[in-house]
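A.B. asks: Attaching a single structure in structure tokens format; questions to follow.
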Amino acid sequence: MDVEEALAIVDRALSQGSLSNVQEVVFRRAWQGQTYFDIAQTFGYDPDYVKDVGSKLWQLLSEAFGKKVTKSNFQSVLRQHAPGAFTEASHPAPIILSDPMDPTAKRPFSQSGQLSTAPHEDRASTAYKRQDWGELLDVSNFYGRTEELAMLEHWVVSDRCRLVALLGMGGVGKTALAVKLVEKIHDQFDCLIWRSLRNAPPVEELLTSLAQFLTGQAEISLPDSLDGKIACLLNHLRQHRCLIILDNVESVLRRESRAGHYREGFEGYGQLLRQVSEASHQSCLVLTSREKPRGLASKEGKSLPVRSFQLIGLTPTEGQEILAATGLCGSDSEREVLIECYAGNPLALKIVSTTIQDLFHGNIFQFLSQGTLVFGDIRDLLDQQFQRLSGLEKQVLRWLASDSEPVLLPETRASTMPPMPQWELLEGLESLQRRSLIESNLVRFTQQPAIIEYLTKQLTEQQLPAKIATPETALGHTQGRSLAKDYAYETQVDVIHKLITDRLLTTAKHQGNAKG
């Protein structure tokens, strides 16, 4: 029996998975007859540390095999358990390794975060890795994002960022992009753990879950204070190269408030993100959120270890892949208009593609001719986003929606009736931009066509009856647009029809010129 066969037996025998990286080093070298002192000298460990790892390793194997295992008899014990004596479960559990090491012990790491000298390259991508993929999304149908993936990989692997935030409105593909990123870089890390905050777990519960995973211990004693729990996590992040993903962070952020404020009782998440971003360690925390958590903006920068990326919709070329996969019928011009109407939002495009197939036999032009972009699941998607907004944000959004052309910042201020203070307007615009609900270009602000229609329908349904009864006071108007003009903007049917028609004509004209 060689050492590889012995390790295979150990893997099958351990109920908690495989050996940790240091345990395997000790196992391999002990199999070759080396002393603890020799192992420590070879790998730069403290001899007492190696002895402690060995002692706990033999204890672990004693429990696994039901008999006393020591450094002197472990080879004979393993020879008694030929391959096949332990059958693997038909659905093996994720690789979660027990790690009895002293978390304060010094370990040599290379620049990549791996042990500087490891005699086990063949097993490095499997047995060494502690991986808990949690509620991972199926991203078998993933489109585009090549440049975004390359940039994020550079941030995490090359620049060794401590915290990376993926931000964007619902359905834009934050979670899918995070999954693809993790699939691409997970072998660069000793530990990987994915956690969704969709159900808003208390931060103490999250920290306990992380500690249990990182130590491999179901029962663990942690300090009572939040600071103490975070300190324990940071200690692991220093000792190991860990990748932690927190998905759906907006679940712990406050609704009906400016972007990024924490819900009451969840302020501890802000403390966690702050300390992870400020403390020195070799790990990375990636989070996804519909809005940027408060406190990150002051710590991020192009050359700093904290960065955020605002994810927007797919490019026209990438969006075409989604439409092609659903078998829709239409010209390139019609496809481009459809993609533009939903700003390349992957989820919205998948939803509307199903509707076009079901109601219009896959004909894009017939759907666009209806002049309606917001309905059903797409309306639900925007409802979720709109319900998070503060009153100030809703007011700014509605006024922007009433203009069919991009609005300059001074014009935005002048058009709000009654006028609002400059600082208040800037706060509203900044908060909306952090939610990806408005777009800016040289202080001009505009919105996506589907959002414009959604907002004007909101105005029509909620405020038009009151405005018809009392046009002078319904929206606080003392001056401004006439009722007839407001009504035309609020119903927006003509505007949406014109938008679609103009886009189709413009695109067709450009294509005709290109062919000519």
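By convention in this document, the chains of the structure tokens carry letters A, B, ... by their order, each chain's residues are numbered from 1, and ligands are numbered from 1 in the order they are shown.
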From the DSSP assignment of the backbone, select every residue of range 129-295 of chain A that is helix (DSSP H, G or I), and format the answer as number ranges by chain.
C.D. replies: A: 146-158, 174-188, 203-215, 226-239, 249-252, 268-278
A.B. asks: So that I have them on file, write out the residues from the current selection with C-alpha atoms, as a JSON list (two decimals), in the first residue's frame.
C.D. replies:
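File out-v1.json, as written:
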[["chain", "number", "residue", "atom", "x", "y", "z"],
["A", 146, "THR", "CA", -16.66, 38.13, -20.26],
["A", 147, "GLU", "CA", -15.11, 41.52, -19.47],
["A", 148, "GLU", "CA", -16.84, 41.76, -16.10],
["A", 149, "LEU", "CA", -15.58, 38.31, -15.08],
["A", 150, "ALA", "CA", -12.02, 39.15, -16.11],
["A", 151, "MET", "CA", -12.09, 42.39, -14.13],
["A", 152, "LEU", "CA", -13.51, 40.77, -11.00],
["A", 153, "GLU", "CA", -11.00, 37.93, -11.19],
["A", 154, "HIS", "CA", -8.21, 40.49, -11.39],
["A", 155, "TRP", "CA", -9.56, 42.34, -8.35],
["A", 156, "VAL", "CA", -9.85, 39.22, -6.22],
["A", 157, "VAL", "CA", -6.86, 37.14, -7.34],
["A", 158, "SER", "CA", -4.25, 39.64, -8.55],
["A", 174, "LYS", "CA", -25.55, 39.74, -9.80],
["A", 175, "THR", "CA", -25.89, 36.29, -8.27],
["A", 176, "ALA", "CA", -25.24, 34.50, -11.58],
["A", 177, "LEU", "CA", -22.10, 36.57, -12.11],
["A", 178, "ALA", "CA", -20.92, 35.80, -8.57],
["A", 179, "VAL", "CA", -21.44, 32.06, -9.19],
["A", 180, "LYS", "CA", -19.41, 32.22, -12.40],
["A", 181, "LEU", "CA", -16.67, 34.14, -10.60],
["A", 182, "VAL", "CA", -16.51, 31.56, -7.81],
["A", 183, "GLU", "CA", -16.42, 28.68, -10.28],
["A", 184, "LYS", "CA", -13.49, 30.38, -12.00],
["A", 185, "ILE", "CA", -11.34, 31.24, -8.97],
["A", 186, "HIS", "CA", -12.28, 28.85, -6.16],
["A", 187, "ASP", "CA", -9.09, 26.82, -6.59],
["A", 188, "GLN", "CA", -7.11, 29.90, -5.51],
["A", 203, "VAL", "CA", -25.33, 38.69, 12.08],
["A", 204, "GLU", "CA", -24.49, 36.61, 15.17],
["A", 205, "GLU", "CA", -26.13, 33.58, 13.54],
["A", 206, "LEU", "CA", -24.12, 34.14, 10.35],
["A", 207, "LEU", "CA", -20.84, 34.45, 12.26],
["A", 208, "THR", "CA", -21.57, 31.24, 14.16],
["A", 209, "SER", "CA", -22.27, 29.43, 10.88],
["A", 210, "LEU", "CA", -19.00, 30.69, 9.40],
["A", 211, "ALA", "CA", -17.04, 29.65, 12.50],
["A", 212, "GLN", "CA", -18.56, 26.17, 12.46],
["A", 213, "PHE", "CA", -17.56, 25.73, 8.85],
["A", 214, "LEU", "CA", -14.05, 27.12, 9.23],
["A", 215, "THR", "CA", -13.27, 24.95, 12.26],
["A", 226, "LEU", "CA", -20.16, 40.87, 18.43],
["A", 227, "ASP", "CA", -16.63, 42.30, 18.40],
["A", 228, "GLY", "CA", -15.32, 39.01, 19.77],
["A", 229, "LYS", "CA", -17.15, 36.94, 17.16],
["A", 230, "ILE", "CA", -15.86, 39.16, 14.35],
["A", 231, "ALA", "CA", -12.34, 38.94, 15.80],
["A", 232, "CYS", "CA", -12.53, 35.13, 15.63],
["A", 233, "LEU", "CA", -13.57, 35.32, 11.97],
["A", 234, "LEU", "CA", -10.76, 37.74, 11.15],
["A", 235, "ASN", "CA", -8.28, 35.37, 12.78],
["A", 236, "HIS", "CA", -9.37, 32.62, 10.38],
["A", 237, "LEU", "CA", -9.20, 35.04, 7.45],
["A", 238, "ARG", "CA", -5.59, 35.75, 8.36],
["A", 239, "GLN", "CA", -4.58, 32.13, 8.86],
["A", 249, "VAL", "CA", -27.34, 41.64, 1.20],
["A", 250, "GLU", "CA", -30.20, 44.07, 0.50],
["A", 251, "SER", "CA", -32.33, 41.83, 2.75],
["A", 252, "VAL", "CA", -30.65, 43.34, 5.83],
["A", 268, "GLY", "CA", -23.97, 44.53, 13.14],
["A", 269, "TYR", "CA", -23.61, 43.73, 9.45],
["A", 270, "GLY", "CA", -22.18, 47.19, 8.95],
["A", 271, "GLN", "CA", -19.66, 46.49, 11.70],
["A", 272, "LEU", "CA", -18.76, 43.17, 10.06],
["A", 273, "LEU", "CA", -18.22, 44.70, 6.61],
["A", 274, "ARG", "CA", -16.25, 47.59, 8.07],
["A", 275, "GLN", "CA", -13.84, 45.35, 9.97],
["A", 276, "VAL", "CA", -13.40, 42.92, 7.08],
["A", 277, "SER", "CA", -12.56, 45.84, 4.78],
["A", 278, "GLU", "CA", -10.21, 47.57, 7.22]]
A.B. asks: Between CA of Pro223 in chain A and CA of Glu264 in chain A, what is the spacing in Å?
C.D. replies: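 Taking CA of Glu264 in chain A and CA of Pro223 in chain A, their separation equals 22.6 Å.
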A.B. asks: May I have the residues within 9 Å of range 355-366 of chain A as a VMD selection string, using only C-alpha atoms and disregarding those fewer than 5 positions away in the same chain?
C.D. replies: chain A and resid 326 to 331 334 to 335 338 350
A.B. asks: Which residues of range 295-399 of chain A have any atom within 10 Å of an atom in range 139-142 of chain A when counting only C-alpha atoms, and what is the closest pair of atoms for each, with the distance in Å to one decimal? Order the rows by chain and rising number and write it as JSON lines.
C.D. replies:
{"residue": "A:Glu318", "atom": "CA", "partner": "A:Phe142", "partner_atom": "CA", "distance": 9.9}
{"residue": "A:Glu321", "atom": "CA", "partner": "A:Phe142", "partner_atom": "CA", "distance": 9.6}
{"residue": "A:Ile322", "atom": "CA", "partner": "A:Asn141", "partner_atom": "CA", "distance": 8.9}
{"residue": "A:Ala325", "atom": "CA", "partner": "A:Asn141", "partner_atom": "CA", "distance": 9.5}
{"residue": "A:Pro346", "atom": "CA", "partner": "A:Phe142", "partner_atom": "CA", "distance": 9.5}
A.B. asks: Save out the residues we just selected, C-alpha atoms, as a compact mmCIF listing (two decimals), in the first residue's frame.
C.D. replies:
# COMPACT_ATOMS: atom_id res chain seq x y z
CA GLU A 318 -25.33 39.39 -25.40
CA GLU A 321 -28.23 35.32 -27.30
CA ILE A 322 -31.10 35.18 -24.80
CA ALA A 325 -32.33 30.76 -27.22
CA PRO A 346 -31.50 39.27 -18.35
A.B. asks: Work out how far CA of Ile245 in chain A is from CA of Leu19 in chain A, in Å to one decimal.
C.D. replies: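 According to the coordinates, CA of Leu19 in chain A and CA of Ile245 in chain A are separated by 23.6 Å.
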A.B. asks: Could you check the closest approach to Leu304 in chain A for each of A:Arg398, A:Arg130, A:Lys71, A:Arg162 and tell me which residue wins, using only C-alpha atoms?
C.D. replies: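 Among A:Arg398, A:Arg130, A:Lys71, A:Arg162, it is A:Arg162 that comes nearest to Leu304 in chain A.
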A.B. asks: Report as a ChimeraX atom specification all protein, DNA and RNA residues lying within 10 Å of Arg28 in chain A, evaluated on only C-alpha atoms, omitting residues in the same chain fewer than 5 positions from it.
C.D. replies: /A:3-4,6-7,22-23,33-34,39,119-120
A.B. asks: For the residues selected in the previous step, produce a file with N, CA and C atoms as a PDB file, in the first residue's frame.
C.D. replies:
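selection10.pdb was written with the following content:
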ATOM      1  N   VAL A   3       1.119   5.715  -0.055  1.00  0.00           N
ATOM      2  CA  VAL A   3       0.492   6.777   0.719  1.00  0.00           C
ATOM      3  C   VAL A   3      -0.810   7.266   0.078  1.00  0.00           C
ATOM      4  N   GLU A   4      -0.916   7.218  -1.250  1.00  0.00           N
ATOM      5  CA  GLU A   4      -2.138   7.658  -1.916  1.00  0.00           C
ATOM      6  C   GLU A   4      -3.302   6.735  -1.581  1.00  0.00           C
ATOM      7  N   ALA A   6      -3.496   4.926   1.110  1.00  0.00           N
ATOM      8  CA  ALA A   6      -3.795   5.159   2.521  1.00  0.00           C
ATOM      9  C   ALA A   6      -4.666   6.384   2.708  1.00  0.00           C
ATOM     10  N   LEU A   7      -4.363   7.448   1.981  1.00  0.00           N
ATOM     11  CA  LEU A   7      -5.160   8.669   2.086  1.00  0.00           C
ATOM     12  C   LEU A   7      -6.576   8.452   1.560  1.00  0.00           C
ATOM     13  N   VAL A  22      -2.574  20.876   6.426  1.00  0.00           N
ATOM     14  CA  VAL A  22      -1.454  20.611   7.331  1.00  0.00           C
ATOM     15  C   VAL A  22      -1.500  19.176   7.856  1.00  0.00           C
ATOM     16  N   GLN A  23      -2.690  18.676   8.140  1.00  0.00           N
ATOM     17  CA  GLN A  23      -2.813  17.294   8.577  1.00  0.00           C
ATOM     18  C   GLN A  23      -2.272  16.336   7.514  1.00  0.00           C
ATOM     19  N   GLY A  33       8.306   8.126   7.395  1.00  0.00           N
ATOM     20  CA  GLY A  33       9.155   7.867   8.548  1.00  0.00           C
ATOM     21  C   GLY A  33       9.819   9.092   9.138  1.00  0.00           C
ATOM     22  N   GLN A  34       9.421  10.299   8.694  1.00  0.00           N
ATOM     23  CA  GLN A  34      10.034  11.505   9.232  1.00  0.00           C
ATOM     24  C   GLN A  34       9.508  11.816  10.628  1.00  0.00           C
ATOM     25  N   ILE A  39       9.697  17.339   9.949  1.00  0.00           N
ATOM     26  CA  ILE A  39       8.588  17.980   9.228  1.00  0.00           C
ATOM     27  C   ILE A  39       8.592  19.487   9.473  1.00  0.00           C
ATOM     28  N   PRO A 119       3.890  18.926  -0.907  1.00  0.00           N
ATOM     29  CA  PRO A 119       4.261  17.754  -1.693  1.00  0.00           C
ATOM     30  C   PRO A 119       3.057  17.048  -2.274  1.00  0.00           C
ATOM     31  N   HIS A 120       1.912  17.742  -2.409  1.00  0.00           N
ATOM     32  CA  HIS A 120       0.681  17.054  -2.751  1.00  0.00           C
ATOM     33  C   HIS A 120      -0.113  17.813  -3.795  1.00  0.00           C
TER      34      HIS A 120
END
A.B. asks: Report, in Å with one decimal, the straight-line distance from CA of Arg145 in chain A to CA of Arg294 in chain A.
C.D. replies: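 Taking CA of Arg145 in chain A as the start and CA of Arg294 in chain A as the end point, the length is 26.7 Å.
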A.B. asks: Running DSSP on the backbone, which parts of range 140-365 of chain A land in strand (DSSP E), as a PyMOL selection string?
C.D. replies: chain A and resi 163-167+191-196+242-247+284-289+306-310
A.B. asks: Could you save the residues just selected, with C-alpha atoms, as a PDB file, in the first residue's frame?
C.D. replies:
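Contents of the output file out.pdb:
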ATOM      1  CA  LEU A 163     -14.081  43.123  -0.060  1.00  0.00           C
ATOM      2  CA  VAL A 164     -15.828  43.295  -3.449  1.00  0.00           C
ATOM      3  CA  ALA A 165     -19.456  44.409  -3.827  1.00  0.00           C
ATOM      4  CA  LEU A 166     -21.538  43.427  -6.880  1.00  0.00           C
ATOM      5  CA  LEU A 167     -24.417  45.892  -7.121  1.00  0.00           C
ATOM      6  CA  CYS A 191     -11.779  27.687   1.981  1.00  0.00           C
ATOM      7  CA  LEU A 192     -14.964  28.635   0.148  1.00  0.00           C
ATOM      8  CA  ILE A 193     -18.313  29.353   1.762  1.00  0.00           C
ATOM      9  CA  TRP A 194     -21.497  30.738   0.171  1.00  0.00           C
ATOM     10  CA  ARG A 195     -24.293  32.171   2.290  1.00  0.00           C
ATOM     11  CA  SER A 196     -27.566  33.794   1.189  1.00  0.00           C
ATOM     12  CA  CYS A 242     -10.795  32.184   2.392  1.00  0.00           C
ATOM     13  CA  LEU A 243     -13.445  33.242  -0.110  1.00  0.00           C
ATOM     14  CA  ILE A 244     -16.774  34.174   1.487  1.00  0.00           C
ATOM     15  CA  ILE A 245     -19.801  35.131  -0.611  1.00  0.00           C
ATOM     16  CA  LEU A 246     -22.794  36.877   0.953  1.00  0.00           C
ATOM     17  CA  ASP A 247     -25.707  36.951  -1.500  1.00  0.00           C
ATOM     18  CA  CYS A 284     -11.856  38.078   0.278  1.00  0.00           C
ATOM     19  CA  LEU A 285     -15.537  38.718   0.978  1.00  0.00           C
ATOM     20  CA  VAL A 286     -17.764  39.119  -2.094  1.00  0.00           C
ATOM     21  CA  LEU A 287     -21.272  40.476  -1.589  1.00  0.00           C
ATOM     22  CA  THR A 288     -24.213  40.979  -3.930  1.00  0.00           C
ATOM     23  CA  SER A 289     -26.864  43.610  -3.265  1.00  0.00           C
ATOM     24  CA  VAL A 306     -12.305  47.548  -1.215  1.00  0.00           C
ATOM     25  CA  ARG A 307     -14.141  47.919  -4.528  1.00  0.00           C
ATOM     26  CA  SER A 308     -17.676  47.894  -5.866  1.00  0.00           C
ATOM     27  CA  PHE A 309     -19.008  47.205  -9.322  1.00  0.00           C
ATOM     28  CA  GLN A 310     -22.352  48.493 -10.562  1.00  0.00           C
TER      29      GLN A 310
END
A.B. asks: Between A:Asp46, A:Leu397, A:Gly66, A:Gly171, which one has atoms that come closest to Gly344 in chain A, using only C-alpha atoms?
C.D. replies: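 That would be A:Gly171, the residue with the smallest distance to Gly344 in chain A.
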A.B. asks: Measuring between only C-alpha atoms, which one of A:Asn21, A:Phe74, A:Gln80, A:Gln217 shows the shortest distance to Asp190 in chain A?
C.D. replies: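 Closest candidate: A:Asn21.
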A.B. asks: I need the residue nearest Glu267 in chain A from this list: A:Ala279, A:Cys341, A:Arg29, A:Arg254. Use only C-alpha atoms for the distance.
C.D. replies: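 The shortest atom-to-atom distance to Glu267 in chain A comes from A:Arg254.
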A.B. asks: Between A:Thr35, A:Ser20, A:Thr372, A:Ser390, which residue has the minimum interatomic distance to Ile452 in chain A, considering only C-alpha atoms?
C.D. replies: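 Result for the nearest residue to Ile452 in chain A: A:Thr372.
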A.B. asks: Show me, as a list in words, the residues that have an atom within 9 Å of Gln385 in chain A when counting only C-alpha atoms, minus same-chain residues fewer than 6 positions from it.
C.D. replies: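 Near neighbours after the sequence-gap exclusion: Met169, Gly170, Arg290, Arg435 and Leu437 of chain A.
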A.B. asks: Go ahead and save the residues from that selection, with C-alpha atoms, as a compact mmCIF listing (two decimals), in the first residue's frame.
C.D. replies:
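Saved result, part_6.txt, follows:
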# COMPACT_ATOMS: atom_id res chain seq x y z
CA MET A 169 -31.16 46.24 -9.70
CA GLY A 170 -33.17 43.04 -9.44
CA ARG A 290 -29.47 45.76 -4.99
CA ARG A 435 -29.95 51.46 -6.79
CA LEU A 437 -32.71 53.15 -11.17
A.B. asks: Report as an NGL selection string all protein, DNA and RNA residues lying within 9 Å of Val10 in chain A, evaluated on only C-alpha atoms, omitting residues in the same chain fewer than 3 positions from it.
C.D. replies: :A and (5-7 or 13-14 or 18-19 or 61 or 64 or 78)
A.B. asks: Write to file, as a tab-separated table (two decimals), in the first residue's frame, the residues of the selection just made, with C-alpha atoms.
C.D. replies:
chain	number	residue	atom	x	y	z
A	5	GLU	CA	-4.07	4.46	-1.19
A	6	ALA	CA	-3.80	5.16	2.52
A	7	LEU	CA	-5.16	8.67	2.09
A	13	ALA	CA	-13.40	6.70	6.81
A	14	LEU	CA	-13.82	10.29	7.94
A	18	SER	CA	-11.02	14.80	4.31
A	19	LEU	CA	-7.86	15.89	6.12
A	61	LEU	CA	-8.20	8.64	13.05
A	64	ALA	CA	-12.81	7.12	12.64
A	78	LEU	CA	-4.67	1.29	7.57
